[in-house]
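The data block below is coords27.pdb; it holds PDB, N, CA, C and O atoms.
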```pdb
ATOM      1  N   MET A   1      35.359  88.902 -20.538
ATOM      2  CA  MET A   1      36.365  88.015 -20.037
ATOM      3  C   MET A   1      36.496  88.254 -18.541
ATOM      4  O   MET A   1      36.442  89.381 -18.074
ATOM      5  N   SER A   2      36.700  87.161 -17.828
ATOM      6  CA  SER A   2      36.978  87.271 -16.399
ATOM      7  C   SER A   2      38.062  86.259 -16.036
ATOM      8  O   SER A   2      38.120  85.169 -16.596
ATOM      9  N   VAL A   3      38.929  86.674 -15.112
ATOM     10  CA  VAL A   3      39.978  85.804 -14.606
ATOM     11  C   VAL A   3      39.930  85.890 -13.095
ATOM     12  O   VAL A   3      39.978  86.980 -12.531
ATOM     13  N   THR A   4      39.809  84.752 -12.460
ATOM     14  CA  THR A   4      39.844  84.713 -10.996
ATOM     15  C   THR A   4      40.975  83.793 -10.577
ATOM     16  O   THR A   4      41.346  82.872 -11.308
ATOM     17  N   GLN A   5      41.513  84.054  -9.395
ATOM     18  CA  GLN A   5      42.586  83.205  -8.889
ATOM     19  C   GLN A   5      42.427  83.022  -7.395
ATOM     20  O   GLN A   5      41.852  83.859  -6.713
ATOM     21  N   ARG A   6      42.952  81.908  -6.938
ATOM     22  CA  ARG A   6      42.951  81.636  -5.510
ATOM     23  C   ARG A   6      44.101  80.663  -5.222
ATOM     24  O   ARG A   6      44.561  79.952  -6.109
ATOM     25  N   SER A   7      44.540  80.653  -3.996
ATOM     26  CA  SER A   7      45.594  79.739  -3.568
ATOM     27  C   SER A   7      44.987  78.664  -2.702
ATOM     28  O   SER A   7      43.989  78.902  -2.012
ATOM     29  N   CYS A   8      45.599  77.499  -2.740
ATOM     30  CA  CYS A   8      45.153  76.435  -1.847
ATOM     31  C   CYS A   8      46.341  75.550  -1.511
ATOM     32  O   CYS A   8      47.352  75.549  -2.205
ATOM     33  N   ALA A   9      46.212  74.822  -0.436
ATOM     34  CA  ALA A   9      47.238  73.863  -0.032
ATOM     35  C   ALA A   9      46.629  72.474  -0.127
ATOM     36  O   ALA A   9      45.542  72.226   0.393
ATOM     37  N   ILE A  10      47.315  71.597  -0.837
ATOM     38  CA  ILE A  10      46.871  70.206  -0.952
ATOM     39  C   ILE A  10      48.050  69.312  -0.594
ATOM     40  O   ILE A  10      49.145  69.803  -0.315
ATOM     41  N   ALA A  11      47.850  68.002  -0.618
ATOM     42  CA  ALA A  11      48.900  67.072  -0.205
ATOM     43  C   ALA A  11      50.205  67.291  -0.968
ATOM     44  O   ALA A  11      51.284  67.153  -0.406
ATOM     45  N   GLU A  12      50.134  67.655  -2.231
ATOM     46  CA  GLU A  12      51.357  67.830  -3.024
ATOM     47  C   GLU A  12      51.966  69.223  -2.908
ATOM     48  O   GLU A  12      52.942  69.528  -3.562
ATOM     49  N   GLY A  13      51.374  70.096  -2.111
ATOM     50  CA  GLY A  13      51.943  71.428  -1.893
ATOM     51  C   GLY A  13      50.956  72.537  -2.193
ATOM     52  O   GLY A  13      49.785  72.303  -2.458
ATOM     53  N   ARG A  14      51.465  73.767  -2.147
ATOM     54  CA  ARG A  14      50.619  74.933  -2.407
ATOM     55  C   ARG A  14      50.425  75.106  -3.912
ATOM     56  O   ARG A  14      51.353  74.931  -4.685
ATOM     57  N   ARG A  15      49.212  75.495  -4.298
ATOM     58  CA  ARG A  15      48.877  75.647  -5.710
ATOM     59  C   ARG A  15      48.185  76.988  -5.932
ATOM     60  O   ARG A  15      47.498  77.500  -5.063
ATOM     61  N   LEU A  16      48.387  77.543  -7.128
ATOM     62  CA  LEU A  16      47.643  78.708  -7.574
ATOM     63  C   LEU A  16      46.626  78.200  -8.580
ATOM     64  O   LEU A  16      46.989  77.552  -9.567
ATOM     65  N   LEU A  17      45.359  78.451  -8.325
ATOM     66  CA  LEU A  17      44.278  77.998  -9.201
ATOM     67  C   LEU A  17      43.696  79.204  -9.916
ATOM     68  O   LEU A  17      43.295  80.169  -9.271
ATOM     69  N   MET A  18      43.678  79.164 -11.230
ATOM     70  CA  MET A  18      43.135  80.262 -12.026
ATOM     71  C   MET A  18      41.998  79.745 -12.892
ATOM     72  O   MET A  18      42.083  78.660 -13.463
ATOM     73  N   ASP A  19      40.949  80.535 -12.966
ATOM     74  CA  ASP A  19      39.821  80.253 -13.860
ATOM     75  C   ASP A  19      39.723  81.412 -14.836
ATOM     76  O   ASP A  19      39.589  82.565 -14.425
ATOM     77  N   TRP A  20      39.813  81.122 -16.106
ATOM     78  CA  TRP A  20      39.790  82.109 -17.191
ATOM     79  C   TRP A  20      38.553  81.806 -18.010
ATOM     80  O   TRP A  20      38.393  80.704 -18.515
ATOM     81  N   VAL A  21      37.664  82.775 -18.150
ATOM     82  CA  VAL A  21      36.416  82.581 -18.891
ATOM     83  C   VAL A  21      36.235  83.719 -19.886
ATOM     84  O   VAL A  21      36.270  84.888 -19.506
ATOM     85  N   GLU A  22      36.062  83.362 -21.131
ATOM     86  CA  GLU A  22      35.725  84.329 -22.181
ATOM     87  C   GLU A  22      34.332  83.964 -22.673
ATOM     88  O   GLU A  22      34.127  82.858 -23.157
ATOM     89  N   GLU A  23      33.389  84.879 -22.523
ATOM     90  CA  GLU A  23      32.013  84.619 -22.945
ATOM     91  C   GLU A  23      31.617  85.564 -24.071
ATOM     92  O   GLU A  23      32.261  86.581 -24.297
ATOM     93  N   GLY A  24      30.553  85.213 -24.776
ATOM     94  CA  GLY A  24      30.064  86.044 -25.869
ATOM     95  C   GLY A  24      30.796  85.805 -27.174
ATOM     96  O   GLY A  24      30.778  86.656 -28.058
ATOM     97  N   LEU A  25      31.445  84.645 -27.289
ATOM     98  CA  LEU A  25      32.149  84.328 -28.527
ATOM     99  C   LEU A  25      31.151  84.085 -29.652
ATOM    100  O   LEU A  25      30.057  83.592 -29.427
ATOM    101  N   VAL A  26      31.539  84.446 -30.842
ATOM    102  CA  VAL A  26      30.713  84.208 -32.015
ATOM    103  C   VAL A  26      31.555  83.405 -32.995
ATOM    104  O   VAL A  26      32.585  83.884 -33.471
ATOM    105  N   GLY A  27      31.128  82.184 -33.254
ATOM    106  CA  GLY A  27      31.869  81.326 -34.171
ATOM    107  C   GLY A  27      31.338  81.453 -35.586
ATOM    108  O   GLY A  27      30.332  82.118 -35.840
ATOM    109  N   PRO A  28      32.020  80.828 -36.526
ATOM    110  CA  PRO A  28      31.559  80.849 -37.908
ATOM    111  C   PRO A  28      30.211  80.151 -38.036
ATOM    112  O   PRO A  28      29.924  79.212 -37.301
ATOM    113  N   SER A  29      29.389  80.630 -38.939
ATOM    114  CA  SER A  29      28.086  79.999 -39.129
ATOM    115  C   SER A  29      28.241  78.815 -40.074
ATOM    116  O   SER A  29      29.191  78.709 -40.820
ATOM    117  N   GLY A  30      27.297  77.937 -40.005
ATOM    118  CA  GLY A  30      27.297  76.771 -40.882
ATOM    119  C   GLY A  30      28.029  75.595 -40.255
ATOM    120  O   GLY A  30      28.653  75.711 -39.216
ATOM    121  N   PRO A  31      27.947  74.430 -40.913
ATOM    122  CA  PRO A  31      28.579  73.223 -40.370
ATOM    123  C   PRO A  31      30.102  73.357 -40.350
ATOM    124  O   PRO A  31      30.698  74.002 -41.197
ATOM    125  N   GLN A  32      30.700  72.745 -39.328
ATOM    126  CA  GLN A  32      32.161  72.764 -39.193
ATOM    127  C   GLN A  32      32.662  71.365 -38.904
ATOM    128  O   GLN A  32      31.965  70.557 -38.317
ATOM    129  N   ASP A  33      33.880  71.137 -39.270
ATOM    130  CA  ASP A  33      34.567  69.914 -38.897
ATOM    131  C   ASP A  33      34.996  70.081 -37.442
ATOM    132  O   ASP A  33      35.786  70.976 -37.135
ATOM    133  N   PRO A  34      34.483  69.239 -36.507
ATOM    134  CA  PRO A  34      34.822  69.415 -35.087
ATOM    135  C   PRO A  34      36.317  69.356 -34.810
ATOM    136  O   PRO A  34      36.800  69.972 -33.875
ATOM    137  N   SER A  35      37.093  68.640 -35.615
ATOM    138  CA  SER A  35      38.528  68.559 -35.374
ATOM    139  C   SER A  35      39.224  69.887 -35.668
ATOM    140  O   SER A  35      40.347  70.101 -35.252
ATOM    141  N   ARG A  36      38.585  70.807 -36.379
ATOM    142  CA  ARG A  36      39.173  72.103 -36.718
ATOM    143  C   ARG A  36      38.832  73.177 -35.690
ATOM    144  O   ARG A  36      39.298  74.288 -35.795
ATOM    145  N   ARG A  37      38.018  72.842 -34.688
ATOM    146  CA  ARG A  37      37.658  73.823 -33.664
ATOM    147  C   ARG A  37      38.848  74.118 -32.785
ATOM    148  O   ARG A  37      39.645  73.266 -32.480
ATOM    149  N   GLY A  38      38.955  75.334 -32.363
ATOM    150  CA  GLY A  38      40.041  75.726 -31.477
ATOM    151  C   GLY A  38      41.160  76.344 -32.283
ATOM    152  O   GLY A  38      41.459  75.925 -33.392
ATOM    153  N   GLY A  39      41.741  77.351 -31.723
ATOM    154  CA  GLY A  39      42.799  78.055 -32.425
ATOM    155  C   GLY A  39      44.173  77.524 -32.079
ATOM    156  O   GLY A  39      44.349  76.695 -31.190
ATOM    157  N   ASN A  40      45.121  78.026 -32.773
ATOM    158  CA  ASN A  40      46.512  77.666 -32.546
ATOM    159  C   ASN A  40      46.949  78.077 -31.142
ATOM    160  O   ASN A  40      47.739  77.395 -30.503
ATOM    161  N   GLY A  41      46.432  79.180 -30.650
ATOM    162  CA  GLY A  41      46.791  79.663 -29.318
ATOM    163  C   GLY A  41      46.415  78.702 -28.213
ATOM    164  O   GLY A  41      47.177  78.504 -27.267
ATOM    165  N   ARG A  42      45.249  78.089 -28.327
ATOM    166  CA  ARG A  42      44.828  77.128 -27.292
ATOM    167  C   ARG A  42      45.792  75.971 -27.190
ATOM    168  O   ARG A  42      46.159  75.535 -26.109
ATOM    169  N   GLY A  43      46.208  75.446 -28.335
ATOM    170  CA  GLY A  43      47.159  74.328 -28.329
ATOM    171  C   GLY A  43      48.500  74.713 -27.747
ATOM    172  O   GLY A  43      49.120  73.955 -26.999
ATOM    173  N   ARG A  44      48.947  75.921 -28.083
ATOM    174  CA  ARG A  44      50.228  76.388 -27.556
ATOM    175  C   ARG A  44      50.175  76.540 -26.038
ATOM    176  O   ARG A  44      51.106  76.173 -25.335
ATOM    177  N   ILE A  45      49.087  77.105 -25.537
ATOM    178  CA  ILE A  45      48.943  77.266 -24.082
ATOM    179  C   ILE A  45      48.914  75.896 -23.410
ATOM    180  O   ILE A  45      49.577  75.674 -22.395
ATOM    181  N   ALA A  46      48.152  74.964 -23.967
ATOM    182  CA  ALA A  46      48.022  73.635 -23.373
ATOM    183  C   ALA A  46      49.359  72.899 -23.334
ATOM    184  O   ALA A  46      49.600  72.095 -22.438
ATOM    185  N   ARG A  47      50.250  73.173 -24.281
ATOM    186  CA  ARG A  47      51.574  72.540 -24.285
ATOM    187  C   ARG A  47      52.597  73.319 -23.465
ATOM    188  O   ARG A  47      53.454  72.723 -22.807
ATOM    189  N   ALA A  48      52.525  74.645 -23.499
ATOM    190  CA  ALA A  48      53.564  75.468 -22.867
ATOM    191  C   ALA A  48      53.464  75.513 -21.345
ATOM    192  O   ALA A  48      54.486  75.435 -20.658
ATOM    193  N   LEU A  49      52.275  75.682 -20.811
ATOM    194  CA  LEU A  49      52.151  75.838 -19.353
ATOM    195  C   LEU A  49      52.656  74.621 -18.580
ATOM    196  O   LEU A  49      53.362  74.787 -17.584
ATOM    197  N   PRO A  50      52.328  73.399 -18.996
ATOM    198  CA  PRO A  50      52.886  72.259 -18.264
ATOM    199  C   PRO A  50      54.414  72.205 -18.331
ATOM    200  O   PRO A  50      55.071  71.884 -17.346
ATOM    201  N   CYS A  51      54.988  72.550 -19.473
ATOM    202  CA  CYS A  51      56.456  72.522 -19.610
ATOM    203  C   CYS A  51      57.118  73.639 -18.824
ATOM    204  O   CYS A  51      58.081  73.415 -18.100
ATOM    205  N   ALA A  52      56.625  74.853 -18.983
ATOM    206  CA  ALA A  52      57.269  76.023 -18.382
ATOM    207  C   ALA A  52      57.002  76.156 -16.888
ATOM    208  O   ALA A  52      57.878  76.586 -16.134
ATOM    209  N   LEU A  53      55.786  75.823 -16.454
ATOM    210  CA  LEU A  53      55.398  76.084 -15.065
ATOM    211  C   LEU A  53      54.966  74.846 -14.286
ATOM    212  O   LEU A  53      54.478  74.962 -13.169
ATOM    213  N   LYS A  54      55.077  73.681 -14.898
ATOM    214  CA  LYS A  54      54.585  72.432 -14.281
ATOM    215  C   LYS A  54      53.101  72.553 -13.932
ATOM    216  O   LYS A  54      52.638  72.047 -12.918
ATOM    217  N   ALA A  55      52.381  73.250 -14.781
ATOM    218  CA  ALA A  55      50.953  73.491 -14.557
ATOM    219  C   ALA A  55      50.119  72.344 -15.118
ATOM    220  O   ALA A  55      50.562  71.611 -15.994
ATOM    221  N   ARG A  56      48.929  72.245 -14.614
ATOM    222  CA  ARG A  56      47.913  71.361 -15.195
ATOM    223  C   ARG A  56      46.841  72.277 -15.767
ATOM    224  O   ARG A  56      46.448  73.257 -15.128
ATOM    225  N   THR A  57      46.410  71.985 -16.973
ATOM    226  CA  THR A  57      45.401  72.826 -17.609
ATOM    227  C   THR A  57      44.239  71.967 -18.092
ATOM    228  O   THR A  57      44.391  70.781 -18.384
ATOM    229  N   ARG A  58      43.095  72.621 -18.173
ATOM    230  CA  ARG A  58      41.885  71.982 -18.722
ATOM    231  C   ARG A  58      41.112  73.087 -19.405
ATOM    232  O   ARG A  58      40.953  74.175 -18.853
ATOM    233  N   SER A  59      40.660  72.836 -20.610
ATOM    234  CA  SER A  59      39.877  73.850 -21.309
ATOM    235  C   SER A  59      38.616  73.232 -21.877
ATOM    236  O   SER A  59      38.551  72.029 -22.126
ATOM    237  N   ALA A  60      37.631  74.081 -22.061
ATOM    238  CA  ALA A  60      36.367  73.667 -22.675
ATOM    239  C   ALA A  60      35.898  74.802 -23.573
ATOM    240  O   ALA A  60      35.863  75.964 -23.151
ATOM    241  N   LEU A  61      35.574  74.469 -24.786
ATOM    242  CA  LEU A  61      35.094  75.448 -25.750
ATOM    243  C   LEU A  61      33.669  75.094 -26.133
ATOM    244  O   LEU A  61      33.393  73.978 -26.565
ATOM    245  N   SER A  62      32.757  76.034 -25.934
ATOM    246  CA  SER A  62      31.373  75.848 -26.366
ATOM    247  C   SER A  62      31.116  76.800 -27.528
ATOM    248  O   SER A  62      32.018  77.473 -28.002
ATOM    249  N   GLU A  63      29.906  76.871 -27.970
ATOM    250  CA  GLU A  63      29.561  77.770 -29.077
ATOM    251  C   GLU A  63      29.785  79.238 -28.715
ATOM    252  O   GLU A  63      30.073  80.050 -29.573
ATOM    253  N   THR A  64      29.657  79.575 -27.423
ATOM    254  CA  THR A  64      29.742  80.988 -27.032
ATOM    255  C   THR A  64      30.767  81.301 -25.944
ATOM    256  O   THR A  64      30.884  82.441 -25.524
ATOM    257  N   ALA A  65      31.513  80.288 -25.470
ATOM    258  CA  ALA A  65      32.443  80.550 -24.361
ATOM    259  C   ALA A  65      33.667  79.651 -24.426
ATOM    260  O   ALA A  65      33.611  78.527 -24.910
ATOM    261  N   LEU A  66      34.763  80.190 -23.906
ATOM    262  CA  LEU A  66      35.996  79.428 -23.706
ATOM    263  C   LEU A  66      36.297  79.482 -22.222
ATOM    264  O   LEU A  66      36.301  80.558 -21.619
ATOM    265  N   ARG A  67      36.537  78.336 -21.625
ATOM    266  CA  ARG A  67      36.840  78.259 -20.194
ATOM    267  C   ARG A  67      38.149  77.503 -20.014
ATOM    268  O   ARG A  67      38.323  76.437 -20.583
ATOM    269  N   TRP A  68      39.053  78.077 -19.209
ATOM    270  CA  TRP A  68      40.323  77.459 -18.857
ATOM    271  C   TRP A  68      40.375  77.294 -17.351
ATOM    272  O   TRP A  68      40.055  78.213 -16.615
ATOM    273  N   ALA A  69      40.834  76.159 -16.898
ATOM    274  CA  ALA A  69      41.193  75.949 -15.497
ATOM    275  C   ALA A  69      42.695  75.692 -15.501
ATOM    276  O   ALA A  69      43.172  74.797 -16.209
ATOM    277  N   ILE A  70      43.447  76.497 -14.768
ATOM    278  CA  ILE A  70      44.903  76.400 -14.748
ATOM    279  C   ILE A  70      45.338  76.207 -13.297
ATOM    280  O   ILE A  70      44.954  76.969 -12.419
ATOM    281  N   ASN A  71      46.133  75.171 -13.057
ATOM    282  CA  ASN A  71      46.553  74.782 -11.722
ATOM    283  C   ASN A  71      48.085  74.773 -11.723
ATOM    284  O   ASN A  71      48.704  73.948 -12.388
ATOM    285  N   ILE A  72      48.698  75.723 -10.989
ATOM    286  CA  ILE A  72      50.142  75.933 -11.032
ATOM    287  C   ILE A  72      50.732  75.739  -9.637
ATOM    288  O   ILE A  72      50.226  76.310  -8.670
ATOM    289  N   PRO A  73      51.835  74.985  -9.511
ATOM    290  CA  PRO A  73      52.481  74.883  -8.198
ATOM    291  C   PRO A  73      53.115  76.217  -7.805
ATOM    292  O   PRO A  73      53.621  76.938  -8.654
ATOM    293  N   ARG A  74      53.043  76.542  -6.527
ATOM    294  CA  ARG A  74      53.664  77.780  -6.020
ATOM    295  C   ARG A  74      54.916  77.416  -5.248
ATOM    296  O   ARG A  74      54.875  76.559  -4.372
ATOM    297  N   PRO A  75      56.017  78.075  -5.555
ATOM    298  CA  PRO A  75      57.255  77.797  -4.806
ATOM    299  C   PRO A  75      57.076  78.088  -3.322
ATOM    300  O   PRO A  75      56.341  78.998  -2.946
ATOM    301  N   GLU A  76      57.759  77.334  -2.513
ATOM    302  CA  GLU A  76      57.720  77.567  -1.070
ATOM    303  C   GLU A  76      58.205  78.974  -0.766
ATOM    304  O   GLU A  76      59.135  79.468  -1.384
ATOM    305  N   GLY A  77      57.558  79.641   0.153
ATOM    306  CA  GLY A  77      57.954  80.972   0.563
ATOM    307  C   GLY A  77      57.377  82.080  -0.285
ATOM    308  O   GLY A  77      57.479  83.233   0.052
ATOM    309  N   GLU A  78      56.762  81.757  -1.414
ATOM    310  CA  GLU A  78      56.188  82.783  -2.269
ATOM    311  C   GLU A  78      54.841  83.196  -1.708
ATOM    312  O   GLU A  78      54.059  82.368  -1.270
ATOM    313  N   THR A  79      54.571  84.484  -1.722
ATOM    314  CA  THR A  79      53.273  84.967  -1.273
ATOM    315  C   THR A  79      52.576  85.662  -2.425
ATOM    316  O   THR A  79      53.220  86.097  -3.383
ATOM    317  N   ALA A  80      51.292  85.783  -2.335
ATOM    318  CA  ALA A  80      50.517  86.418  -3.402
ATOM    319  C   ALA A  80      50.984  87.851  -3.596
ATOM    320  O   ALA A  80      51.216  88.579  -2.646
ATOM    321  N   GLY A  81      51.126  88.235  -4.843
ATOM    322  CA  GLY A  81      51.454  89.612  -5.164
ATOM    323  C   GLY A  81      52.941  89.935  -5.162
ATOM    324  O   GLY A  81      53.317  91.058  -5.409
ATOM    325  N   THR A  82      53.812  88.954  -4.898
ATOM    326  CA  THR A  82      55.234  89.245  -4.919
ATOM    327  C   THR A  82      55.797  89.026  -6.313
ATOM    328  O   THR A  82      55.320  88.199  -7.064
ATOM    329  N   LEU A  83      56.774  89.816  -6.649
ATOM    330  CA  LEU A  83      57.458  89.672  -7.935
ATOM    331  C   LEU A  83      58.891  89.241  -7.677
ATOM    332  O   LEU A  83      59.481  89.582  -6.653
ATOM    333  N   PRO A  84      59.470  88.499  -8.629
ATOM    334  CA  PRO A  84      60.867  88.047  -8.432
ATOM    335  C   PRO A  84      61.828  89.217  -8.409
ATOM    336  O   PRO A  84      61.602  90.270  -8.913
TER     337      PRO A  84
END
```
Rewritten as structure tokens:
Amino acid sequence: MSVTQRSCAIAEGRRLLMDWVEEGLVGPSGPQDPSRRGGNGRGRIARALPCALKARTRSALSETALRWAINIPRPEGETAGTLP
């Protein structure tokens, strides 16, 4: 697993961009119903982050990897590494 983050400024304000990658996944063997792919956790994250943090999320699941792109607005005056 790797998580990288960076900050950027765009027209709508400062954003924190995170890339979360889990590789080496092993799924069940044999045919699967594609609608059953993905765990309960993925759905919860996809619903919770936009509500709680006004984030935008995008995920992709392949046979061996899960990739998340998370885009979160940063409050004005906040700097990297500060805690409330």
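Using only C-alpha atoms, the contacts of Ile10 of chain A at a cut-off of 12 Å, with sequence neighbours closer than 5 positions omitted, comprise Arg15, Leu16, Leu17, Asn71, Pro73 and Arg74 of chain A.
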*Work out how far apart atom CA of Ala11 of chain A and atom CA of Pro50 of chain A are and give it in Å to one decimal.*
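Separation between atom CA of Ala11 of chain A and atom CA of Pro50 of chain A: 19.2 Å.
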*Which of these residues is nearest to Leu49 of chain A, using only N, CA, C and O atoms: A:Ile72, A:Ser62, A:Thr4, A:Arg67?*
A:Ile72
For Thr64 of chain A: contacts at 8 Å, only C-alpha atoms, fewer than 2 positions along chain excluded, given as an mmCIF file with N, CA, C and O atoms, keeping the file's coordinate frame:
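What follows is the written file part.cif:
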```cif
data_model
loop_
_atom_site.group_PDB
_atom_site.id
_atom_site.type_symbol
_atom_site.label_atom_id
_atom_site.label_comp_id
_atom_site.auth_asym_id
_atom_site.auth_seq_id
_atom_site.Cartn_x
_atom_site.Cartn_y
_atom_site.Cartn_z
ATOM 1 N N GLU A 23 33.389 84.879 -22.523
ATOM 2 C CA GLU A 23 32.013 84.619 -22.945
ATOM 3 C C GLU A 23 31.617 85.564 -24.071
ATOM 4 O O GLU A 23 32.261 86.581 -24.297
ATOM 5 N N GLY A 24 30.553 85.213 -24.776
ATOM 6 C CA GLY A 24 30.064 86.044 -25.869
ATOM 7 C C GLY A 24 30.796 85.805 -27.174
ATOM 8 O O GLY A 24 30.778 86.656 -28.058
ATOM 9 N N LEU A 25 31.445 84.645 -27.289
ATOM 10 C CA LEU A 25 32.149 84.328 -28.527
ATOM 11 C C LEU A 25 31.151 84.085 -29.652
ATOM 12 O O LEU A 25 30.057 83.592 -29.427
ATOM 13 N N VAL A 26 31.539 84.446 -30.842
ATOM 14 C CA VAL A 26 30.713 84.208 -32.015
ATOM 15 C C VAL A 26 31.555 83.405 -32.995
ATOM 16 O O VAL A 26 32.585 83.884 -33.471
ATOM 17 N N GLY A 27 31.128 82.184 -33.254
ATOM 18 C CA GLY A 27 31.869 81.326 -34.171
ATOM 19 C C GLY A 27 31.338 81.453 -35.586
ATOM 20 O O GLY A 27 30.332 82.118 -35.840
ATOM 21 N N LEU A 61 35.574 74.469 -24.786
ATOM 22 C CA LEU A 61 35.094 75.448 -25.750
ATOM 23 C C LEU A 61 33.669 75.094 -26.133
ATOM 24 O O LEU A 61 33.393 73.978 -26.565
ATOM 25 N N SER A 62 32.757 76.034 -25.934
ATOM 26 C CA SER A 62 31.373 75.848 -26.366
ATOM 27 C C SER A 62 31.116 76.800 -27.528
ATOM 28 O O SER A 62 32.018 77.473 -28.002
ATOM 29 N N LEU A 66 34.763 80.190 -23.906
ATOM 30 C CA LEU A 66 35.996 79.428 -23.706
ATOM 31 C C LEU A 66 36.297 79.482 -22.222
ATOM 32 O O LEU A 66 36.301 80.558 -21.619
#
```
*May I ask which of the residues A:Met18, A:Pro75, A:Asn40, A:Arg6 is the closest one to Arg56 of chain A, counting all atoms listed in the file?*
A:Met18
